[in-house]
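Report on one structure; see the data block that follows.
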Amino acid sequence: MNWANTLTRPLTWMGIGAVIVGGAVWAQNSNRSLPQRDAATLQLTPALTSTTGGPSVSPNAMEETFVTLSDHASKAVVHITSDTRGLVNDPGNQGMTMGGEGSGFIYRNDGWIVTNEHVVEGKSNVRVILADGRELLGKVTAANDPQLDLAVVKIDATGLDTLEFAPEKWVRPGQYAIAVGAPFGLENSVTIGHVSAISRQGMINDPRTGVARGYTGMIQTDASINPGNSGGPLIDIEGKVIGINTSIYSTTGGNNGIGFAIPSRVVKEVVDELITKGKFDRGLLGVVPRDLKPFEKKEKGVSSGALLTEVPDDSGAYKAGIRTGDIVVKVNNNEVADELDLRIAAYRHSPGETVTVTYLRGKDTKTASVKLGTPTDLEQPQQAPQLSPRLPEPDGDGFFRLPFGQDDGSAPRQSQPGAKPKLGVAVQNLDATLRTQFKLGADVQGVVVLTVEPGGFASKLGVKPGDILKSIDDKPIRSVADVSAAMEKVGWGDQIALAFDRYSNGTKSAYTTIVPFNR
């Protein structure tokens, strides 16, 4: 992936159709009070009041709340599969084809359903199983954007139960989070947890499609999410959708209590356009933004904004006078509270349109008219990172296990007869996104280590994420293909000389070590 509107920190884990770790209304400044919540749309059991005057909730009341929420949400959640055999009006008798399986939820009562694109990848039609047991043919409209793992499915039905999106930005760590979906095909499964964190971001390698998907602003939750939950809703205590369950962090392929959901502020922006226009296009500002850290806000005397970590000289933003280090605070008349707001600003406009960007440079406030570019014109082709020495394998709904872990079934264990020795790293050709993540200068070239298998050969020898592989047995490493070619020749009992560079605060340290592939 190139710099343009990509993630600032690719993630190194993979989940329900993705790995780890850009809404509907413009964000408020972070120093403003949170929006007042509307009255609950559900008739929930009220909390009791303690004898000391403080609020408390009885166990029975809390249980009834979750039962009511689960019943409410389950009516609008659907199971999606690629098997359309036997359905009426299956165009071209598509039938069973290799593809995804997951969940979705009914967004409009006239049959519009929201899901992840990786669930319906490459499909024009899917089977939709409603909560009442009906099985209908669904027509797919996908965003077709590597940074937006979203799609809508239209079924021929009306009067359906629906779920609505929560008020914008009403998501805080610690609040209840409820995931509903069809994990492992088990329909109407409900799991309850909390929002663990917000604003997680990263990149997912999809070996099935050859697409490297980018994710930003993700909601982290400990509500149990497993393969098949993809595309299903993550709801709050009022039964409103705060995100779309998309990925998990796992070294084993199972749930470790770390799941991720695309925030509803992104989902609504995209799906509304897919429904009204039948497609989604986004303009490209040509910047790499990130959130300001608390100390940076204090130092710079600002309460909100998106800090630009990179503005390449061939981007529309650069040509308009915007530079690295500037802080964007407004696009047109809409305030930018964080980096996700800035990305959403581009989502709302098409390539070729011009937007007015207000930004801070030092103590000066400046404006610039930026002509938005086209992602396909300015970004490198969205090809999947070539993870080496082995790729994770997709499960039924595109669930990708990490390329490491003793219990990872995605490749033969190194101790198994016939299995080739593995170095124990996942690598990718260096690009602008990875330069930002690992703080590598423009002069650094080669292949960067993304992840290191715990307990593997590379780990034992001190290799770390961010290291640059330079050579294997004195053969220069310039691409991932070079790594694969070198490792193909290695057998058990062999030794290789591994050379790599490590950069810290702009200083390079060179290392050469011998890797003995002993069982």
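By convention here, the chains of the structure tokens are called A, B, ... in the order presented, each chain's residues are numbered starting at 1, and ligands are numbered starting at 1 in the order presented.
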Residues of stretch 194-371 of chain A in strand (DSSP E or B) according to DSSP, as a PyMOL selection string? chain A and resi 194-206+211-221+233-235+241-248+259-263+284+288-291+306-310+327-331+334-335+354-361+364-371
Closest to A:Thr365 among A:Ser103, A:Ala166, A:Lys330, A:Ala177, using only C-alpha atoms? A:Lys330
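Closest approach to A:Lys279 from the set A:Ala182, A:Ala143, A:Ile327, A:Val370 is made by A:Ala143, with distances taken over only C-alpha atoms.
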Could you pull out the helix (DSSP H, G or I) residues of stretch 158-343 of chain A from DSSP and send them as a PyMOL selection string? chain A and resi 183-185+264-277+294-300+316-319+339-343
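Between A:Tyr215 and the candidates A:Ile192, A:Leu434, A:Leu148, A:Ala306, the tightest atom-to-atom separation, counting only C-alpha atoms, involves A:Leu148.
If only C-alpha atoms are the atoms counted, then among A:Lys366, A:Lys75, A:Lys371, A:Arg200 the closest residue to A:Asp291 is A:Arg200.
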Write out as a PDB file with N, CA and C atoms, in the first residue's frame which residues come within 9 Å of stretch 494-505 of chain A when counting only C-alpha atoms, dropping same-chain ones fewer than 5 positions away.
```
ATOM      1  N   PHE A 438       7.269   2.060  11.310  1.00  0.00           N
ATOM      2  CA  PHE A 438       8.539   1.704  11.947  1.00  0.00           C
ATOM      3  C   PHE A 438       9.548   2.855  11.961  1.00  0.00           C
ATOM      4  N   LYS A 439       9.093   4.044  11.543  1.00  0.00           N
ATOM      5  CA  LYS A 439       9.931   5.244  11.583  1.00  0.00           C
ATOM      6  C   LYS A 439      11.227   5.042  10.783  1.00  0.00           C
ATOM      7  N   LEU A 440      11.063   4.631   9.543  1.00  0.00           N
ATOM      8  CA  LEU A 440      12.187   4.377   8.653  1.00  0.00           C
ATOM      9  C   LEU A 440      12.285   5.488   7.618  1.00  0.00           C
ATOM     10  N   VAL A 463      15.674 -11.232  16.265  1.00  0.00           N
ATOM     11  CA  VAL A 463      15.026 -10.468  15.198  1.00  0.00           C
ATOM     12  C   VAL A 463      13.745  -9.839  15.731  1.00  0.00           C
ATOM     13  N   LYS A 464      13.481  -8.586  15.353  1.00  0.00           N
ATOM     14  CA  LYS A 464      12.316  -7.864  15.855  1.00  0.00           C
ATOM     15  C   LYS A 464      11.524  -7.243  14.706  1.00  0.00           C
ATOM     16  N   GLY A 466      10.176  -4.541  12.349  1.00  0.00           N
ATOM     17  CA  GLY A 466      10.823  -3.306  11.944  1.00  0.00           C
ATOM     18  C   GLY A 466      12.231  -3.499  11.429  1.00  0.00           C
ATOM     19  N   ASP A 467      12.813  -4.668  11.693  1.00  0.00           N
ATOM     20  CA  ASP A 467      14.141  -4.957  11.156  1.00  0.00           C
ATOM     21  C   ASP A 467      14.058  -5.100   9.631  1.00  0.00           C
ATOM     22  N   ILE A 468      15.144  -4.736   8.947  1.00  0.00           N
ATOM     23  CA  ILE A 468      15.207  -4.821   7.492  1.00  0.00           C
ATOM     24  C   ILE A 468      16.131  -5.972   7.107  1.00  0.00           C
ATOM     25  N   LEU A 469      15.592  -6.985   6.444  1.00  0.00           N
ATOM     26  CA  LEU A 469      16.410  -8.103   5.993  1.00  0.00           C
ATOM     27  C   LEU A 469      17.295  -7.660   4.833  1.00  0.00           C
ATOM     28  N   LYS A 470      18.583  -7.960   4.946  1.00  0.00           N
ATOM     29  CA  LYS A 470      19.536  -7.520   3.919  1.00  0.00           C
ATOM     30  C   LYS A 470      20.046  -8.674   3.062  1.00  0.00           C
ATOM     31  N   SER A 471      20.333  -9.827   3.693  1.00  0.00           N
ATOM     32  CA  SER A 471      20.842 -10.943   2.896  1.00  0.00           C
ATOM     33  C   SER A 471      20.628 -12.256   3.635  1.00  0.00           C
ATOM     34  N   ILE A 472      20.551 -13.319   2.863  1.00  0.00           N
ATOM     35  CA  ILE A 472      20.521 -14.688   3.386  1.00  0.00           C
ATOM     36  C   ILE A 472      21.623 -15.449   2.670  1.00  0.00           C
ATOM     37  N   ASP A 473      22.602 -15.927   3.453  1.00  0.00           N
ATOM     38  CA  ASP A 473      23.779 -16.603   2.879  1.00  0.00           C
ATOM     39  C   ASP A 473      24.441 -15.740   1.801  1.00  0.00           C
ATOM     40  N   ASP A 474      24.604 -14.460   2.140  1.00  0.00           N
ATOM     41  CA  ASP A 474      25.286 -13.484   1.277  1.00  0.00           C
ATOM     42  C   ASP A 474      24.529 -13.166  -0.006  1.00  0.00           C
ATOM     43  N   ALA A 510      23.869  -2.739  12.191  1.00  0.00           N
ATOM     44  CA  ALA A 510      23.882  -3.899  11.303  1.00  0.00           C
ATOM     45  C   ALA A 510      24.181  -5.165  12.101  1.00  0.00           C
ATOM     46  N   TYR A 511      23.434  -6.236  11.792  1.00  0.00           N
ATOM     47  CA  TYR A 511      23.597  -7.495  12.505  1.00  0.00           C
ATOM     48  C   TYR A 511      23.765  -8.630  11.497  1.00  0.00           C
ATOM     49  N   THR A 512      24.612  -9.578  11.847  1.00  0.00           N
ATOM     50  CA  THR A 512      24.727 -10.821  11.084  1.00  0.00           C
ATOM     51  C   THR A 512      24.742 -11.966  12.081  1.00  0.00           C
ATOM     52  N   THR A 513      23.883 -12.965  11.843  1.00  0.00           N
ATOM     53  CA  THR A 513      23.792 -14.081  12.770  1.00  0.00           C
ATOM     54  C   THR A 513      23.636 -15.379  12.002  1.00  0.00           C
ATOM     55  N   ILE A 514      24.021 -16.471  12.631  1.00  0.00           N
ATOM     56  CA  ILE A 514      23.884 -17.788  12.029  1.00  0.00           C
ATOM     57  C   ILE A 514      22.614 -18.441  12.556  1.00  0.00           C
ATOM     58  N   VAL A 515      21.785 -18.928  11.644  1.00  0.00           N
ATOM     59  CA  VAL A 515      20.533 -19.596  12.021  1.00  0.00           C
ATOM     60  C   VAL A 515      20.705 -21.092  11.809  1.00  0.00           C
ATOM     61  N   PRO A 516      20.792 -21.884  12.905  1.00  0.00           N
ATOM     62  CA  PRO A 516      20.897 -23.337  12.752  1.00  0.00           C
ATOM     63  C   PRO A 516      19.509 -23.970  12.771  1.00  0.00           C
ATOM     64  N   PHE A 517      19.124 -24.621  11.696  1.00  0.00           N
ATOM     65  CA  PHE A 517      17.793 -25.225  11.622  1.00  0.00           C
ATOM     66  C   PHE A 517      17.839 -26.647  12.168  1.00  0.00           C
ATOM     67  N   ASN A 518      17.909 -26.718  13.486  1.00  0.00           N
ATOM     68  CA  ASN A 518      17.906 -27.999  14.178  1.00  0.00           C
ATOM     69  C   ASN A 518      16.529 -28.267  14.738  1.00  0.00           C
TER      70      ASN A 518
END
```
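Taking atom CA of A:Ala73 and atom CA of A:Trp112 as endpoints, the distance between them is 15.7 Å.
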As an exercise, work out the distance from atom CA of A:Ile219 to atom CA of A:Gly232 in Å and give it to one decimal place. 13.8 Å
Residues near stretch 309-317 of chain A, anyone? I mean within 8 Å using only C-alpha atoms, not counting same-chain ones fewer than 5 positions away, as JSON, numbers by chain. {"A": [3, 284, 285, 286, 287, 288, 289, 290, 322, 323, 324, 325, 370, 371, 372, 373, 378, 436]}
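As for atom CA of A:Asn333 and atom CA of A:Thr358, they are spaced 9.1 Å apart.
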Contact residues around A:Asp110 with only C-alpha atoms at 7 Å, ignoring same-chain residues under 2 positions, as a count of residues only: 6
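With only C-alpha atoms as the basis for measurement, A:Ile237 is the residue among A:Ile237, A:Ala481, A:Lys297, A:Gly133 that approaches A:Gly174 most closely.
Residues in contact range of A:Ala458, defined as at most 7 Å between only C-alpha atoms, with sequence neighbours fewer than 6 positions away removed, read Leu423, Gly424, Val425 and Val452 of chain A.
Nearest to A:Ala142 of all the residues A:Asp156, A:Asp338, A:Glu63, A:Asp272 is A:Asp272, counting only C-alpha atoms.
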